[in-house]
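Peer 1: My structure is in my_file.csv, and what it holds is CSV, C-alpha atoms:
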chain,number,residue,atom,x,y,z
A,177,MET,CA,-43.0,15.0,30.4
A,178,GLU,CA,-46.0,13.2,31.8
A,179,GLU,CA,-48.1,16.3,31.1
A,180,GLU,CA,-47.0,16.3,27.4
A,181,ASN,CA,-48.0,12.6,27.1
A,182,LYS,CA,-51.4,13.3,28.7
A,183,ASN,CA,-51.9,16.3,26.4
A,184,ASN,CA,-50.9,14.2,23.3
A,185,GLN,CA,-53.3,11.5,24.4
A,186,ALA,CA,-56.1,14.0,25.0
A,187,ASN,CA,-55.5,15.6,21.6
A,188,SER,CA,-55.4,12.2,19.8
A,189,THR,CA,-58.6,11.1,21.4
A,190,GLU,CA,-60.2,14.4,20.6
A,191,ASN,CA,-59.2,14.4,16.9
A,192,GLY,CA,-59.2,10.6,16.7
A,193,PRO,CA,-59.2,9.1,13.2
A,194,ASP,CA,-59.1,12.5,11.5
A,195,LYS,CA,-55.6,13.2,12.8
A,196,LYS,CA,-54.4,9.7,11.8
A,197,ASP,CA,-55.7,10.2,8.3
A,198,ASP,CA,-54.1,13.6,8.1
A,199,LEU,CA,-50.7,12.2,9.2
A,200,ILE,CA,-51.0,9.4,6.7
A,201,GLU,CA,-51.9,11.8,4.0
A,202,LYS,CA,-48.9,14.1,4.9
A,203,GLY,CA,-46.7,11.0,4.8
A,204,LYS,CA,-47.9,10.1,1.3
A,205,ILE,CA,-47.2,13.6,0.1
A,206,LEU,CA,-43.7,13.6,1.6
A,207,ALA,CA,-43.0,10.2,0.0
A,208,ASP,CA,-44.3,11.5,-3.4
A,209,GLN,CA,-42.1,14.6,-3.1
A,210,ALA,CA,-39.0,12.4,-2.2
A,211,GLU,CA,-39.7,10.2,-5.2
A,212,ASP,CA,-40.0,13.2,-7.5
A,213,PHE,CA,-36.8,14.6,-6.0
A,214,VAL,CA,-34.9,11.4,-6.7
A,215,LYS,CA,-36.3,11.1,-10.2
A,216,ASP,CA,-35.3,14.7,-11.1
A,217,ASN,CA,-31.8,14.2,-9.8
A,218,MET,CA,-31.4,10.9,-11.5
A,219,THR,CA,-32.4,12.5,-14.8
A,220,LYS,CA,-29.8,15.2,-14.2
A,221,ILE,CA,-27.2,12.7,-13.4
A,222,LYS,CA,-27.9,10.4,-16.3
A,223,GLY,CA,-27.7,13.5,-18.6
A,224,SER,CA,-24.3,14.5,-17.3
A,225,GLU,CA,-21.1,14.0,-19.3
A,226,THR,CA,-19.5,12.1,-16.4
A,227,TYR,CA,-22.3,9.5,-16.2
A,228,GLY,CA,-21.9,8.9,-19.9
A,229,LYS,CA,-18.1,8.4,-19.6
A,230,VAL,CA,-18.5,6.1,-16.6
A,231,SER,CA,-21.2,4.1,-18.4
A,232,SER,CA,-19.1,3.8,-21.5
A,233,LEU,CA,-16.1,2.7,-19.4
A,234,PHE,CA,-18.2,0.0,-17.7
A,235,GLY,CA,-19.4,-1.2,-21.0
A,236,LYS,CA,-15.9,-1.5,-22.4
A,237,VAL,CA,-14.7,-3.3,-19.3
A,238,GLY,CA,-17.6,-5.7,-19.5
A,239,LYS,CA,-16.9,-6.5,-23.2
A,240,TYR,CA,-13.2,-7.0,-22.5
A,241,LEU,CA,-14.0,-9.4,-19.6
A,242,ASP,CA,-16.5,-11.3,-21.8
A,243,ARG,CA,-13.9,-11.6,-24.6
A,244,LYS,CA,-11.3,-12.9,-22.2
A,245,SER,CA,-13.7,-15.3,-20.6
A,246,ASP,CA,-14.6,-16.6,-24.1
A,247,GLU,CA,-11.0,-17.0,-25.0
A,248,PHE,CA,-10.3,-18.9,-21.8
A,249,HIS,CA,-13.3,-21.2,-22.2
A,250,SER,CA,-12.7,-21.9,-25.9
A,251,GLY,CA,-9.1,-23.0,-25.3
A,252,GLU,CA,-7.4,-20.1,-27.0
A,253,MET,CA,-5.9,-19.0,-23.7
A,254,SER,CA,-4.5,-22.5,-23.1
A,255,ALA,CA,-2.9,-22.5,-26.6
A,256,LYS,CA,-1.4,-19.0,-25.9
A,257,LEU,CA,0.0,-20.2,-22.6
A,258,ASP,CA,1.5,-23.3,-24.2
A,259,ASP,CA,3.1,-21.2,-26.9
A,260,LEU,CA,4.5,-18.9,-24.2
A,261,LYS,CA,5.8,-21.8,-22.3
A,262,ASP,CA,7.6,-23.2,-25.4
A,263,LYS,CA,9.2,-19.8,-26.1
A,264,ALA,CA,10.4,-19.5,-22.5
A,265,GLU,CA,11.9,-23.0,-22.7
A,266,VAL,CA,13.8,-22.1,-25.9
A,267,GLN,CA,15.1,-18.9,-24.4
A,268,ALA,CA,16.1,-20.6,-21.2
A,269,ASP,CA,18.0,-23.2,-23.2
A,270,GLU,CA,19.8,-20.5,-25.2
A,271,LEU,CA,20.6,-18.6,-22.0
A,272,LEU,CA,22.0,-21.8,-20.4
A,273,GLN,CA,24.2,-22.5,-23.4
A,274,LYS,CA,25.6,-18.9,-23.3
A,275,THR,CA,26.2,-19.2,-19.6
A,276,LYS,CA,28.1,-22.5,-20.1
A,277,GLN,CA,30.2,-21.0,-22.8
A,278,GLY,CA,31.0,-17.9,-20.7
A,279,ALA,CA,31.9,-20.1,-17.8
A,280,ILE,CA,34.3,-22.2,-19.9
A,281,LYS,CA,35.9,-19.1,-21.3
A,282,LEU,CA,36.3,-17.7,-17.8
A,283,GLY,CA,37.8,-21.0,-16.6
A,284,HIS,CA,40.4,-20.9,-19.4
A,285,ILE,CA,41.3,-17.3,-18.5
A,286,VAL,CA,41.7,-18.3,-14.9
A,287,ASP,CA,43.8,-21.3,-15.8
A,288,GLU,CA,46.1,-19.1,-18.0
A,289,GLN,CA,46.5,-16.6,-15.2
A,290,ILE,CA,47.3,-19.4,-12.7
A,291,GLU,CA,49.9,-20.8,-15.1
A,292,ALA,CA,51.4,-17.3,-15.6
A,293,LEU,CA,51.6,-16.8,-11.9
A,294,LYS,CA,53.2,-20.2,-11.4
A,295,GLY,CA,55.8,-19.3,-14.1
A,296,LYS,CA,56.7,-16.2,-12.2
A,297,LYS,CA,57.2,-18.1,-9.0
A,298,ASP,CA,59.3,-20.7,-10.7
A,299,ASN,CA,61.7,-18.1,-12.2
A,300,PRO,CA,62.4,-15.8,-9.3
A,301,GLN,CA,64.3,-12.7,-10.2
A,302,ASN,CA,66.4,-10.6,-7.9
A,303,GLN,CA,67.5,-13.5,-5.6
A,304,ASP,CA,69.6,-12.5,-2.7
A,305,GLY,CA,68.8,-8.9,-3.3
A,306,GLU,CA,70.6,-8.7,-6.6
A,307,GLY,CA,69.5,-5.8,-8.8
A,308,ILE,CA,67.8,-3.9,-6.0
Here is the file; what I need is its structure written in the form of structure tokens.
Peer 2:
Amino acid sequence: MEEENKNNQANSTENGPDKKDDLIEKGKILADQAEDFVKDNMTKIKGSETYGKVSSLFGKVGKYLDRKSDEFHSGEMSAKLDDLKDKAEVQADELLQKTKQGAIKLGHIVDEQIEALKGKKDNPQNQDGEGI
């Protein structure tokens, strides 16, 4: 390992600035090639059908969110919520009235059944085993 370091140091001192400039130049070439590669692939991706669909979808979502934000900030949303609340109150009142009426009817039916059962107990038949 130490021998490699000594050889590398010897080579770097022998070639000196020329080797550094050569490495820097190779680094620039690689960076340019990488940039070209990315540009070419981005062009291919942007030209694809999927990219167009995704871009369109994001555009539609953005417009929808902008519209809803405008509605919310303009007070339209508040008005819609108030209208919804009023309708819910009306429906709740109607449901409560129907429930009350149903409970009253059920109470009358139960009262009638209780009275009918009381009537059967008051008029016992077959006392002392007669008619069995």
Peer 1: Record the distance separating atom CA of Asp246 of chain A and atom CA of Lys229 of chain A, expressed in Å with one decimal.
Peer 2: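 Computed distance, atom CA of Asp246 of chain A to atom CA of Lys229 of chain A, equals 25.6 Å.
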Peer 1: So how many Å separate atom CA of Ala207 of chain A and atom CA of Thr226 of chain A, to one decimal?
Peer 2: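 Going from atom CA of Ala207 of chain A over to atom CA of Thr226 of chain A, I get 28.7 Å.
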Peer 1: Interatomic distance between atom CA of Glu252 of chain A and atom CA of Lys236 of chain A?
Peer 2: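 That distance, rounded to one decimal, is 21.0 Å.
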Peer 1: Export segment 239-255 of chain A, N, CA and C atoms, as a PDB file, in the first residue's frame; it's the structure right above.
Peer 2:
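File produced: part.pdb:
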ATOM      1  N   LYS A 239     -56.002  23.801 -11.467  1.00  0.00           N
ATOM      2  CA  LYS A 239     -57.146  24.675 -11.766  1.00  0.00           C
ATOM      3  C   LYS A 239     -58.282  24.430 -10.779  1.00  0.00           C
ATOM      4  N   TYR A 240     -58.557  23.149 -10.474  1.00  0.00           N
ATOM      5  CA  TYR A 240     -59.623  22.806  -9.531  1.00  0.00           C
ATOM      6  C   TYR A 240     -59.330  23.405  -8.151  1.00  0.00           C
ATOM      7  N   LEU A 241     -58.103  23.242  -7.689  1.00  0.00           N
ATOM      8  CA  LEU A 241     -57.740  23.781  -6.374  1.00  0.00           C
ATOM      9  C   LEU A 241     -57.811  25.302  -6.361  1.00  0.00           C
ATOM     10  N   ASP A 242     -57.404  25.930  -7.462  1.00  0.00           N
ATOM     11  CA  ASP A 242     -57.507  27.393  -7.545  1.00  0.00           C
ATOM     12  C   ASP A 242     -58.961  27.835  -7.480  1.00  0.00           C
ATOM     13  N   ARG A 243     -59.838  27.123  -8.197  1.00  0.00           N
ATOM     14  CA  ARG A 243     -61.266  27.472  -8.207  1.00  0.00           C
ATOM     15  C   ARG A 243     -61.866  27.320  -6.811  1.00  0.00           C
ATOM     16  N   LYS A 244     -61.546  26.204  -6.128  1.00  0.00           N
ATOM     17  CA  LYS A 244     -62.087  25.982  -4.791  1.00  0.00           C
ATOM     18  C   LYS A 244     -61.531  27.003  -3.801  1.00  0.00           C
ATOM     19  N   SER A 245     -60.288  27.369  -3.970  1.00  0.00           N
ATOM     20  CA  SER A 245     -59.693  28.387  -3.095  1.00  0.00           C
ATOM     21  C   SER A 245     -60.394  29.726  -3.305  1.00  0.00           C
ATOM     22  N   ASP A 246     -60.662  30.061  -4.579  1.00  0.00           N
ATOM     23  CA  ASP A 246     -61.374  31.314  -4.867  1.00  0.00           C
ATOM     24  C   ASP A 246     -62.772  31.297  -4.272  1.00  0.00           C
ATOM     25  N   GLU A 247     -63.465  30.152  -4.386  1.00  0.00           N
ATOM     26  CA  GLU A 247     -64.805  30.031  -3.807  1.00  0.00           C
ATOM     27  C   GLU A 247     -64.754  30.237  -2.293  1.00  0.00           C
ATOM     28  N   PHE A 248     -63.777  29.624  -1.681  1.00  0.00           N
ATOM     29  CA  PHE A 248     -63.659  29.720  -0.228  1.00  0.00           C
ATOM     30  C   PHE A 248     -63.388  31.155   0.200  1.00  0.00           C
ATOM     31  N   HIS A 249     -62.471  31.812  -0.514  1.00  0.00           N
ATOM     32  CA  HIS A 249     -62.107  33.177  -0.128  1.00  0.00           C
ATOM     33  C   HIS A 249     -63.169  34.206  -0.515  1.00  0.00           C
ATOM     34  N   SER A 250     -63.991  33.895  -1.511  1.00  0.00           N
ATOM     35  CA  SER A 250     -65.011  34.856  -1.925  1.00  0.00           C
ATOM     36  C   SER A 250     -66.275  34.756  -1.083  1.00  0.00           C
ATOM     37  N   GLY A 251     -66.380  33.732  -0.272  1.00  0.00           N
ATOM     38  CA  GLY A 251     -67.564  33.584   0.563  1.00  0.00           C
ATOM     39  C   GLY A 251     -68.591  32.639  -0.026  1.00  0.00           C
ATOM     40  N   GLU A 252     -68.377  32.178  -1.249  1.00  0.00           N
ATOM     41  CA  GLU A 252     -69.314  31.236  -1.855  1.00  0.00           C
ATOM     42  C   GLU A 252     -69.387  29.953  -1.032  1.00  0.00           C
ATOM     43  N   MET A 253     -68.267  29.519  -0.548  1.00  0.00           N
ATOM     44  CA  MET A 253     -68.232  28.276   0.231  1.00  0.00           C
ATOM     45  C   MET A 253     -69.026  28.453   1.519  1.00  0.00           C
ATOM     46  N   SER A 254     -68.899  29.603   2.136  1.00  0.00           N
ATOM     47  CA  SER A 254     -69.630  29.870   3.370  1.00  0.00           C
ATOM     48  C   SER A 254     -71.132  29.839   3.119  1.00  0.00           C
ATOM     49  N   ALA A 255     -71.538  30.425   2.005  1.00  0.00           N
ATOM     50  CA  ALA A 255     -72.961  30.423   1.658  1.00  0.00           C
ATOM     51  C   ALA A 255     -73.455  28.999   1.400  1.00  0.00           C
TER      52      ALA A 255
END
